[in-house]
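Chemist: File follows, final_9.json with JSON, C-alpha atoms:
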[["chain", "number", "residue", "atom", "x", "y", "z"],
["A", 23, "MET", "CA", 16.97, 166.63, 18.90],
["A", 24, "GLU", "CA", 13.74, 165.01, 17.80],
["A", 25, "ARG", "CA", 13.83, 161.65, 16.25],
["A", 26, "ASP", "CA", 12.54, 161.39, 12.72],
["A", 27, "PRO", "CA", 9.30, 159.42, 13.04],
["A", 28, "ASP", "CA", 9.71, 157.98, 9.52],
["A", 29, "ARG", "CA", 13.23, 156.87, 10.08],
["A", 30, "ASN", "CA", 12.37, 153.25, 10.82],
["A", 31, "THR", "CA", 9.74, 152.88, 8.17],
["A", 32, "HIS", "CA", 11.38, 154.69, 5.25],
["A", 33, "LEU", "CA", 15.04, 153.91, 4.93],
["A", 34, "PRO", "CA", 17.00, 156.41, 2.85],
["A", 35, "GLU", "CA", 17.69, 155.36, -0.68],
["A", 36, "ARG", "CA", 20.81, 155.88, -2.76],
["A", 37, "THR", "CA", 22.67, 154.56, -5.75],
["A", 38, "LEU", "CA", 25.69, 152.30, -5.32],
["A", 39, "SER", "CA", 29.12, 153.09, -6.70],
["A", 40, "ALA", "CA", 30.66, 150.63, -9.15],
["A", 41, "ASP", "CA", 33.14, 149.53, -6.48],
["A", 42, "GLU", "CA", 30.34, 148.81, -4.02],
["A", 43, "VAL", "CA", 28.44, 146.83, -6.64],
["A", 44, "ARG", "CA", 31.49, 144.74, -7.50],
["A", 45, "ARG", "CA", 32.25, 144.15, -3.84],
["A", 46, "LEU", "CA", 28.69, 142.97, -3.24],
["A", 47, "TYR", "CA", 28.95, 140.73, -6.28],
["A", 48, "ASP", "CA", 32.19, 139.17, -5.04],
["A", 49, "GLN", "CA", 30.74, 138.68, -1.59],
["A", 50, "HIS", "CA", 27.24, 137.47, -2.41],
["A", 51, "GLY", "CA", 27.40, 136.44, -6.07],
["A", 52, "PRO", "CA", 27.90, 132.70, -5.48],
["A", 53, "ALA", "CA", 25.08, 132.45, -2.94],
["A", 54, "LEU", "CA", 22.81, 134.57, -5.11],
["A", 55, "VAL", "CA", 23.40, 132.30, -8.10],
["A", 56, "ALA", "CA", 22.62, 129.30, -5.91],
["A", 57, "TYR", "CA", 19.46, 131.06, -4.77],
["A", 58, "ALA", "CA", 18.40, 131.97, -8.31],
["A", 59, "CYS", "CA", 19.14, 128.39, -9.32],
["A", 60, "SER", "CA", 16.78, 127.18, -6.61],
["A", 61, "ILE", "CA", 14.03, 128.98, -8.55],
["A", 62, "VAL", "CA", 14.98, 128.57, -12.20],
["A", 63, "ALA", "CA", 16.66, 125.14, -11.71],
["A", 64, "ASP", "CA", 19.28, 126.02, -14.32],
["A", 65, "THR", "CA", 22.76, 127.26, -13.46],
["A", 66, "ALA", "CA", 23.28, 129.27, -16.65],
["A", 67, "ALA", "CA", 19.88, 130.94, -16.37],
["A", 68, "ALA", "CA", 20.60, 131.63, -12.70],
["A", 69, "GLU", "CA", 23.84, 133.37, -13.61],
["A", 70, "ASP", "CA", 22.02, 135.39, -16.24],
["A", 71, "VAL", "CA", 19.48, 136.51, -13.67],
["A", 72, "VAL", "CA", 22.12, 137.60, -11.15],
["A", 73, "HIS", "CA", 24.12, 139.35, -13.86],
["A", 74, "GLU", "CA", 21.04, 141.22, -14.98],
["A", 75, "ILE", "CA", 20.47, 142.60, -11.50],
["A", 76, "PHE", "CA", 24.08, 143.59, -10.93],
["A", 77, "LEU", "CA", 24.41, 145.19, -14.35],
["A", 78, "ARG", "CA", 21.37, 147.26, -13.55],
["A", 79, "LEU", "CA", 23.06, 148.33, -10.31],
["A", 80, "LEU", "CA", 26.29, 149.07, -12.15],
["A", 81, "HIS", "CA", 24.39, 151.31, -14.50],
["A", 82, "GLY", "CA", 23.86, 153.51, -11.47],
["A", 83, "ASP", "CA", 20.26, 154.61, -12.00],
["A", 84, "THR", "CA", 18.67, 152.29, -9.44],
["A", 85, "LEU", "CA", 17.87, 153.70, -6.04],
["A", 86, "ILE", "CA", 18.23, 151.08, -3.37],
["A", 87, "PRO", "CA", 17.85, 151.16, 0.42],
["A", 88, "GLU", "CA", 20.75, 151.51, 2.81],
["A", 89, "MET", "CA", 20.63, 147.74, 3.37],
["A", 90, "PRO", "CA", 21.31, 146.61, -0.18],
["A", 91, "VAL", "CA", 21.67, 142.86, 0.38],
["A", 92, "ALA", "CA", 18.03, 142.26, 1.22],
["A", 93, "TYR", "CA", 17.04, 144.39, -1.76],
["A", 94, "ILE", "CA", 19.30, 142.41, -4.08],
["A", 95, "TYR", "CA", 17.92, 139.08, -2.86],
["A", 96, "ARG", "CA", 14.40, 140.32, -3.51],
["A", 97, "ALA", "CA", 15.37, 141.62, -6.95],
["A", 98, "VAL", "CA", 17.02, 138.32, -7.82],
["A", 99, "ARG", "CA", 13.96, 136.41, -6.65],
["A", 100, "ASN", "CA", 11.64, 138.50, -8.82],
["A", 101, "ALA", "CA", 13.94, 138.29, -11.83],
["A", 102, "ALA", "CA", 14.29, 134.53, -11.41],
["A", 103, "LEU", "CA", 10.52, 134.09, -11.24],
["A", 104, "ASN", "CA", 10.16, 136.23, -14.37],
["A", 105, "SER", "CA", 12.87, 134.28, -16.16],
["A", 106, "ARG", "CA", 11.18, 131.00, -15.33],
["A", 107, "ARG", "CA", 7.81, 132.29, -16.46],
["A", 108, "LYS", "CA", 9.24, 133.45, -19.76],
["A", 109, "GLY", "CA", 11.17, 130.21, -20.20],
["A", 110, "ASN", "CA", 14.33, 132.12, -21.08],
["A", 111, "ARG", "CA", 16.43, 128.96, -21.21],
["A", 112, "SER", "CA", 15.15, 125.94, -23.02],
["A", 113, "VAL", "CA", 18.10, 123.63, -22.24],
["A", 114, "SER", "CA", 17.15, 121.21, -19.52],
["A", 115, "PHE", "CA", 19.48, 120.54, -16.62],
["A", 116, "GLU", "CA", 20.20, 117.02, -17.86],
["A", 117, "ASP", "CA", 21.21, 118.34, -21.29],
["A", 118, "GLN", "CA", 23.78, 120.77, -19.96],
["A", 119, "PRO", "CA", 27.49, 119.90, -20.00],
["A", 120, "LEU", "CA", 28.88, 118.77, -16.66],
["A", 121, "ALA", "CA", 30.99, 121.91, -16.14],
["A", 122, "ALA", "CA", 28.00, 124.13, -16.77],
["A", 123, "LYS", "CA", 25.70, 122.40, -14.36],
["A", 124, "SER", "CA", 28.06, 121.94, -11.41],
["A", 125, "LEU", "CA", 26.72, 124.64, -9.16],
["A", 126, "PHE", "CA", 28.61, 123.52, -6.06],
["A", 127, "GLN", "CA", 32.15, 122.55, -5.27],
["A", 128, "HIS", "CA", 33.13, 120.53, -2.23],
["A", 129, "ASP", "CA", 35.88, 121.75, 0.10],
["A", 130, "ASP", "CA", 37.75, 118.46, -0.43],
["A", 131, "GLY", "CA", 37.18, 118.54, -4.17],
["A", 132, "ASN", "CA", 34.63, 115.73, -4.08],
["A", 133, "ARG", "CA", 32.93, 116.47, -7.36],
["A", 134, "GLU", "CA", 30.66, 113.47, -7.18],
["A", 135, "ALA", "CA", 29.29, 114.62, -3.84],
["A", 136, "ALA", "CA", 28.84, 118.14, -5.23],
["A", 137, "LEU", "CA", 26.78, 116.84, -8.12],
["A", 138, "ALA", "CA", 24.83, 114.56, -5.78],
["A", 139, "LEU", "CA", 23.97, 117.57, -3.63],
["A", 140, "GLN", "CA", 22.83, 119.51, -6.63],
["A", 141, "ALA", "CA", 20.71, 116.63, -7.85],
["A", 142, "ALA", "CA", 19.23, 116.19, -4.38],
["A", 143, "LEU", "CA", 18.38, 119.87, -4.21],
["A", 144, "LEU", "CA", 16.67, 119.70, -7.59],
["A", 145, "GLU", "CA", 14.53, 116.84, -6.37],
["A", 146, "LEU", "CA", 13.16, 118.98, -3.55],
["A", 147, "PRO", "CA", 10.00, 121.00, -4.02],
["A", 148, "GLU", "CA", 10.93, 124.55, -4.95],
["A", 149, "GLU", "CA", 9.73, 126.13, -1.72],
["A", 150, "GLN", "CA", 11.84, 123.72, 0.35],
["A", 151, "ARG", "CA", 14.87, 124.19, -1.89],
["A", 152, "GLU", "CA", 14.56, 127.97, -1.56],
["A", 153, "VAL", "CA", 14.59, 128.01, 2.21],
["A", 154, "VAL", "CA", 17.52, 125.58, 2.41],
["A", 155, "VAL", "CA", 19.64, 127.66, 0.07],
["A", 156, "LEU", "CA", 18.82, 130.87, 1.93],
["A", 157, "ARG", "CA", 19.58, 129.31, 5.29],
["A", 158, "ILE", "CA", 22.71, 127.34, 4.43],
["A", 159, "TRP", "CA", 24.50, 129.33, 1.72],
["A", 160, "SER", "CA", 23.10, 132.83, 2.17],
["A", 161, "GLY", "CA", 23.39, 132.63, 5.94],
["A", 162, "MET", "CA", 19.90, 133.97, 6.60],
["A", 163, "THR", "CA", 17.85, 133.20, 9.65],
["A", 164, "LEU", "CA", 14.62, 131.30, 9.10],
["A", 165, "GLU", "CA", 12.75, 134.54, 9.82],
["A", 166, "GLU", "CA", 14.66, 136.38, 7.10],
["A", 167, "ALA", "CA", 14.13, 133.53, 4.66],
["A", 168, "ALA", "CA", 10.42, 133.52, 5.51],
["A", 169, "ASP", "CA", 10.19, 137.26, 4.92],
["A", 170, "LEU", "CA", 11.87, 136.98, 1.54],
["A", 171, "SER", "CA", 9.69, 134.04, 0.49],
["A", 172, "GLY", "CA", 6.56, 135.74, 1.74],
["A", 173, "VAL", "CA", 5.54, 133.05, 4.20],
["A", 174, "SER", "CA", 5.29, 132.83, 7.96],
["A", 175, "PRO", "CA", 8.38, 131.85, 9.98],
["A", 176, "ASN", "CA", 6.61, 128.66, 11.05],
["A", 177, "THR", "CA", 5.98, 127.67, 7.46],
["A", 178, "ALA", "CA", 9.60, 128.37, 6.55],
["A", 179, "ALA", "CA", 10.82, 126.32, 9.53],
["A", 180, "SER", "CA", 8.59, 123.43, 8.59],
["A", 181, "ARG", "CA", 9.76, 123.49, 4.98],
["A", 182, "TYR", "CA", 13.36, 123.63, 6.15],
["A", 183, "ARG", "CA", 12.93, 120.62, 8.42],
["A", 184, "TYR", "CA", 11.38, 118.50, 5.66],
["A", 185, "ALA", "CA", 14.10, 119.53, 3.25],
["A", 186, "LEU", "CA", 16.89, 118.60, 5.64],
["A", 187, "GLU", "CA", 15.39, 115.16, 6.21],
["A", 188, "LYS", "CA", 15.28, 114.45, 2.48],
["A", 189, "LEU", "CA", 18.76, 115.76, 1.86],
["A", 190, "ARG", "CA", 20.17, 113.81, 4.77],
["A", 191, "GLU", "CA", 18.76, 110.61, 3.37],
["A", 192, "ARG", "CA", 19.91, 111.38, -0.16],
["A", 193, "LEU", "CA", 23.46, 112.39, 0.80],
["A", 194, "LYS", "CA", 24.07, 109.64, 3.35],
["A", 195, "PRO", "CA", 26.64, 107.84, 1.12],
["A", 196, "TYR", "CA", 28.78, 110.99, 0.94],
["A", 197, "ARG", "CA", 28.96, 111.81, 4.64],
["A", 198, "LYS", "CA", 32.03, 110.86, 6.61],
["A", 199, "GLY", "CA", 31.61, 108.53, 9.57],
["B", 18, "MET", "CA", 17.67, 116.21, 17.11],
["B", 19, "LYS", "CA", 18.83, 119.83, 16.94],
["B", 20, "GLU", "CA", 22.46, 118.78, 17.25],
["B", 21, "HIS", "CA", 21.79, 116.23, 14.55],
["B", 22, "ASP", "CA", 20.53, 119.03, 12.28],
["B", 23, "GLU", "CA", 23.46, 121.29, 13.08],
["B", 24, "GLN", "CA", 25.91, 118.56, 12.13],
["B", 25, "PHE", "CA", 24.14, 118.07, 8.85],
["B", 26, "GLU", "CA", 24.06, 121.84, 8.24],
["B", 27, "ASP", "CA", 27.83, 121.90, 8.78],
["B", 28, "PHE", "CA", 28.16, 119.08, 6.28],
["B", 29, "LEU", "CA", 26.12, 121.04, 3.74],
["B", 30, "ARG", "CA", 28.30, 124.10, 4.31],
["B", 31, "GLU", "CA", 31.30, 122.08, 3.18],
["B", 32, "PHE", "CA", 29.88, 122.67, -0.29],
["B", 33, "GLN", "CA", 30.42, 126.11, -1.70],
["B", 34, "PRO", "CA", 28.40, 127.60, -4.52],
["B", 35, "ARG", "CA", 30.59, 127.99, -7.54],
["B", 36, "ARG", "CA", 31.81, 131.52, -8.24],
["B", 37, "PRO", "CA", 29.85, 132.90, -11.19],
["B", 38, "ARG", "CA", 31.50, 134.45, -14.19],
["B", 39, "ALA", "CA", 32.87, 137.94, -13.65],
["B", 40, "LEU", "CA", 30.73, 140.96, -14.25],
["B", 41, "PRO", "CA", 31.52, 142.55, -17.59],
["B", 42, "ALA", "CA", 33.35, 145.84, -17.44],
["B", 43, "PRO", "CA", 30.84, 148.64, -17.78],
["B", 44, "LEU", "CA", 30.97, 150.53, -21.03],
["B", 45, "ALA", "CA", 32.60, 153.89, -20.49],
["B", 46, "ALA", "CA", 30.07, 156.59, -20.97],
["B", 47, "LYS", "CA", 31.04, 158.48, -24.10],
["B", 48, "PRO", "CA", 31.43, 162.21, -23.48],
["B", 49, "ILE", "CA", 28.83, 164.13, -25.42],
["B", 50, "TRP", "CA", 30.66, 167.43, -25.90],
["B", 51, "PRO", "CA", 32.98, 166.29, -28.76],
["B", 52, "GLN", "CA", 29.96, 165.13, -30.73],
["B", 53, "ARG", "CA", 28.24, 168.44, -30.10],
["B", 54, "LEU", "CA", 31.38, 170.32, -31.09],
["B", 55, "VAL", "CA", 31.64, 168.39, -34.36],
["B", 56, "ALA", "CA", 27.95, 168.93, -35.07],
["B", 57, "ALA", "CA", 28.28, 172.66, -34.42],
["B", 58, "ALA", "CA", 31.34, 172.86, -36.68],
["B", 59, "VAL", "CA", 29.54, 171.00, -39.47],
["B", 60, "ILE", "CA", 26.53, 173.30, -39.18],
["B", 61, "ALA", "CA", 28.71, 176.43, -39.15],
["B", 62, "VAL", "CA", 30.69, 175.29, -42.21],
["B", 63, "SER", "CA", 27.52, 174.31, -44.07],
["B", 64, "LEU", "CA", 25.93, 177.65, -43.28],
["B", 65, "GLY", "CA", 29.02, 179.52, -44.35],
["B", 66, "VAL", "CA", 29.32, 177.64, -47.62],
["B", 67, "SER", "CA", 25.62, 178.14, -48.36],
["B", 68, "LEU", "CA", 25.78, 181.87, -47.72],
["B", 69, "TRP", "CA", 28.95, 182.25, -49.75],
["B", 70, "SER", "CA", 27.41, 180.24, -52.57],
["B", 71, "LEU", "CA", 24.23, 182.34, -52.51],
["B", 72, "TRP", "CA", 26.22, 185.55, -52.51],
["B", 73, "ARG", "CA", 28.25, 184.37, -55.51],
["B", 74, "LYS", "CA", 25.30, 183.16, -57.51],
["B", 75, "SER", "CA", 22.75, 185.87, -56.72],
["B", 76, "PRO", "CA", 21.50, 187.39, -60.04],
["B", 77, "PRO", "CA", 22.12, 191.10, -60.58],
["B", 78, "ARG", "CA", 19.14, 193.30, -59.83],
["B", 79, "LYS", "CA", 17.43, 194.86, -62.87],
["B", 80, "ASP", "CA", 17.62, 198.43, -61.66],
["B", 81, "LEU", "CA", 21.28, 198.07, -60.93],
["B", 82, "ALA", "CA", 21.83, 196.48, -64.31],
["B", 83, "ALA", "CA", 20.09, 199.42, -65.99],
["B", 84, "ALA", "CA", 22.18, 201.83, -64.08],
["B", 85, "LYS", "CA", 25.32, 200.00, -65.04],
["B", 86, "THR", "CA", 24.48, 200.33, -68.69],
["B", 87, "THR", "CA", 24.47, 204.09, -68.42],
["B", 88, "GLN", "CA", 27.17, 204.49, -65.90],
["B", 89, "ALA", "CA", 30.74, 204.26, -66.88],
["B", 90, "LEU", "CA", 32.52, 201.46, -65.16],
["B", 91, "PRO", "CA", 34.84, 202.81, -62.53],
["B", 92, "ASP", "CA", 38.47, 202.64, -63.15],
["B", 93, "ALA", "CA", 39.99, 199.50, -61.77],
["B", 94, "LYS", "CA", 42.60, 201.48, -59.93],
["B", 95, "SER", "CA", 40.04, 203.76, -58.29],
["B", 96, "ALA", "CA", 37.63, 200.94, -57.41],
["B", 97, "PRO", "CA", 37.47, 200.59, -53.64],
["B", 98, "ALA", "CA", 37.91, 197.30, -51.87],
["B", 99, "PRO", "CA", 34.60, 195.44, -51.57],
["B", 100, "LEU", "CA", 32.67, 196.27, -48.45],
["B", 101, "SER", "CA", 32.86, 193.66, -45.79],
["B", 102, "LEU", "CA", 30.39, 193.36, -42.96],
["B", 103, "LEU", "CA", 32.84, 192.58, -40.21],
["B", 104, "PRO", "CA", 35.16, 195.60, -40.61],
["B", 105, "LEU", "CA", 32.14, 197.86, -41.08],
["B", 106, "THR", "CA", 30.57, 196.58, -37.88],
["B", 107, "GLN", "CA", 33.80, 197.09, -36.04],
["B", 108, "LEU", "CA", 34.09, 200.61, -37.44],
["B", 109, "ALA", "CA", 30.49, 201.39, -36.48],
["B", 110, "LEU", "CA", 31.26, 200.46, -32.92],
["B", 111, "GLU", "CA", 34.56, 202.26, -32.68],
["B", 112, "ASN", "CA", 34.13, 205.32, -34.85],
["B", 113, "PRO", "CA", 30.66, 206.06, -36.27],
["B", 114, "ALA", "CA", 31.81, 209.28, -37.95],
["B", 115, "ARG", "CA", 34.50, 207.43, -39.85],
["B", 116, "LEU", "CA", 31.92, 204.82, -40.83],
["B", 117, "ASP", "CA", 29.76, 207.53, -42.40],
["B", 118, "ALA", "CA", 32.73, 208.75, -44.37],
["B", 119, "VAL", "CA", 33.60, 205.28, -45.55],
["B", 120, "LEU", "CA", 30.03, 204.54, -46.60],
["B", 121, "THR", "CA", 29.73, 207.85, -48.44],
["B", 122, "GLU", "CA", 32.95, 207.16, -50.27],
["B", 123, "ALA", "CA", 31.85, 203.65, -51.11],
["B", 124, "SER", "CA", 28.44, 204.78, -52.30],
["B", 125, "ARG", "CA", 30.06, 206.90, -55.01],
["B", 126, "HIS", "CA", 31.36, 203.73, -56.59],
["B", 127, "VAL", "CA", 28.65, 201.26, -55.71],
["B", 128, "LEU", "CA", 25.39, 203.19, -56.06],
["B", 129, "PRO", "CA", 24.21, 204.64, -59.40],
["B", 130, "SER", "CA", 25.18, 208.24, -60.01],
["B", 131, "LEU", "CA", 22.39, 210.80, -59.79],
["B", 132, "ARG", "CA", 24.41, 213.77, -61.00],
["B", 133, "GLY", "CA", 25.77, 214.85, -64.36],
["B", 134, "SER", "CA", 24.57, 214.37, -67.90],
["B", 135, "GLU", "CA", 25.06, 210.60, -67.84],
["B", 136, "SER", "CA", 23.27, 210.04, -64.54],
["B", 137, "THR", "CA", 20.84, 207.21, -64.03],
["B", 138, "LEU", "CA", 17.90, 209.56, -63.62],
["B", 139, "ARG", "CA", 18.54, 211.21, -66.95],
["B", 140, "ALA", "CA", 18.98, 207.85, -68.63],
["B", 141, "LEU", "CA", 15.68, 206.66, -67.24],
["B", 142, "ALA", "CA", 13.94, 209.91, -68.21],
["B", 143, "LYS", "CA", 15.08, 209.48, -71.80],
["B", 144, "GLU", "CA", 13.57, 206.01, -71.90]]
Kindly return the structure encoded in the file as structure tokens.

Modeler:
Amino acid sequence: MERDPDRNTHLPERTLSADEVRRLYDQHGPALVAYACSIVADTAAAEDVVHEIFLRLLHGDTLIPEMPVAYIYRAVRNAALNSRRKGNRSVSFEDQPLAAKSLFQHDDGNREAALALQAALLELPEEQREVVVLRIWSGMTLEEAADLSGVSPNTAASRYRYALEKLRERLKPYRKG
Amino acid sequence: MKEHDEQFEDFLREFQPRRPRALPAPLAAKPIWPQRLVAAAVIAVSLGVSLWSLWRKSPPRKDLAAAKTTQALPDAKSAPAPLSLLPLTQLALENPARLDAVLTEASRHVLPSLRGSESTLRALAKE
């Protein structure tokens, strides 16, 4: 049997069932919201962006590749950039109620540390914040993060290193030992 | 240095992104056929009522009216049942000969008479 020469370059496309969409949302929703938040810097707007993408998928008229996660990350990135450009949310992060802006929760329930992390992330330049979120909470390799951000792996690695240094310094009071 | 970074990465992973609000339940797609059925029923009823109304209100034709003036009204007992399209169609399909007979019989009562001293032709000739 001959191998399809286009097989590697053109992945087959399909629509997702509602169950698949909900499973993907349960599995990747939190990380996707964190990722969208790294772009729009607003938890509510980030949730709106992720919802928009998943509702579109639920509608069932979007053809997506066999590897849907990468597609969804790219869709969320584009939607987040659009949302920020349009200024969909006018409430600044500081003006939001505490419950609304707490994007992270700590395993030990340390809410102060969670808010400190969020604040530290917001202080990072966007491109550094993006690569940290993709690497830490989305579990991507630096190469995958670079591909999604449209930069070279070296650039992504460099951004990541700078970001970790700043976060380490900022979160020193909350680390054990 | 790398170990240092890995320790810090583990520390960062102690924080979990908050679970976003649940996806709303998708709206169930409304089936279209009941709407189409209702629309078809409304159109059929409207058409039926319009036709019935037209048939009831249609003015008598002048030539028929003239004929009626000269022709004696048929006896109520001998008047045939009004012709209906559906039974006639059915009869035409099943028994064309019988249809001819029925139409001939009906024409004696419905169409103006052309025979006898009081026929329509004579009445018109006098005028």

Chemist: So how many Å separate atom CA of Gly82 of chain A and atom CA of Lys108 of chain A, to one decimal?

Modeler: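 Computing it gives 26.2 Å between the two atoms.
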
Chemist: Pick out the residues sitting within 8 Å of segment 149-166 of chain A, and hand them over as a list in words; count only C-alpha atoms, and ignore anything fewer than 6 positions along from it in its own chain.

Modeler: His50, Ala53, Leu54, Ala56, Tyr57, Ser60, Ile61, Leu143, Ser174, Pro175, Ala178, Ala179, Arg181, Tyr182, Tyr184, Ala185 and Leu186 of chain A; Glu26, Leu29, Arg30, Gln33 and Pro34 of chain B

Chemist: Write to file, as a PDB file, keeping the file's coordinate frame, the residues of the selection just made, with C-alpha atoms.

Modeler:
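And here's part04.pdb as it stands now:
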ATOM      1  CA  HIS A  50      27.240 137.470  -2.410  1.00  0.00           C
ATOM      2  CA  ALA A  53      25.080 132.450  -2.940  1.00  0.00           C
ATOM      3  CA  LEU A  54      22.810 134.570  -5.110  1.00  0.00           C
ATOM      4  CA  ALA A  56      22.620 129.300  -5.910  1.00  0.00           C
ATOM      5  CA  TYR A  57      19.460 131.060  -4.770  1.00  0.00           C
ATOM      6  CA  SER A  60      16.780 127.180  -6.610  1.00  0.00           C
ATOM      7  CA  ILE A  61      14.030 128.980  -8.550  1.00  0.00           C
ATOM      8  CA  LEU A 143      18.380 119.870  -4.210  1.00  0.00           C
ATOM      9  CA  SER A 174       5.290 132.830   7.960  1.00  0.00           C
ATOM     10  CA  PRO A 175       8.380 131.850   9.980  1.00  0.00           C
ATOM     11  CA  ALA A 178       9.600 128.370   6.550  1.00  0.00           C
ATOM     12  CA  ALA A 179      10.820 126.320   9.530  1.00  0.00           C
ATOM     13  CA  ARG A 181       9.760 123.490   4.980  1.00  0.00           C
ATOM     14  CA  TYR A 182      13.360 123.630   6.150  1.00  0.00           C
ATOM     15  CA  TYR A 184      11.380 118.500   5.660  1.00  0.00           C
ATOM     16  CA  ALA A 185      14.100 119.530   3.250  1.00  0.00           C
ATOM     17  CA  LEU A 186      16.890 118.600   5.640  1.00  0.00           C
TER      18      LEU A 186
ATOM     19  CA  GLU B  26      24.060 121.840   8.240  1.00  0.00           C
ATOM     20  CA  LEU B  29      26.120 121.040   3.740  1.00  0.00           C
ATOM     21  CA  ARG B  30      28.300 124.100   4.310  1.00  0.00           C
ATOM     22  CA  GLN B  33      30.420 126.110  -1.700  1.00  0.00           C
ATOM     23  CA  PRO B  34      28.400 127.600  -4.520  1.00  0.00           C
TER      24      PRO B  34
END

Chemist: Would you mind listing, as a list in words, all residues of chain A that have at least one atom within 7 Å of chain B, where all atoms listed in the file are what counts?

Modeler: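 The contacting residues on chain A are Gly51, Pro52, Ala53, Ala56, Glu69, His73, Leu125, Phe126, Gln127, His128, Asp129, Ala136, Ile158 and Trp159 of chain A.
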
Chemist: So what do you get for atom CA of Gln24 of chain B versus atom CA of Val173 of chain A, distance-wise?

Modeler: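 Here the two named atoms are 26.2 Å from each other.
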
Chemist: Distance atom CA of Gly109 of chain A-atom CA of Val72 of chain A, one decimal place?

Modeler: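 Those two atoms sit 16.0 Å apart.
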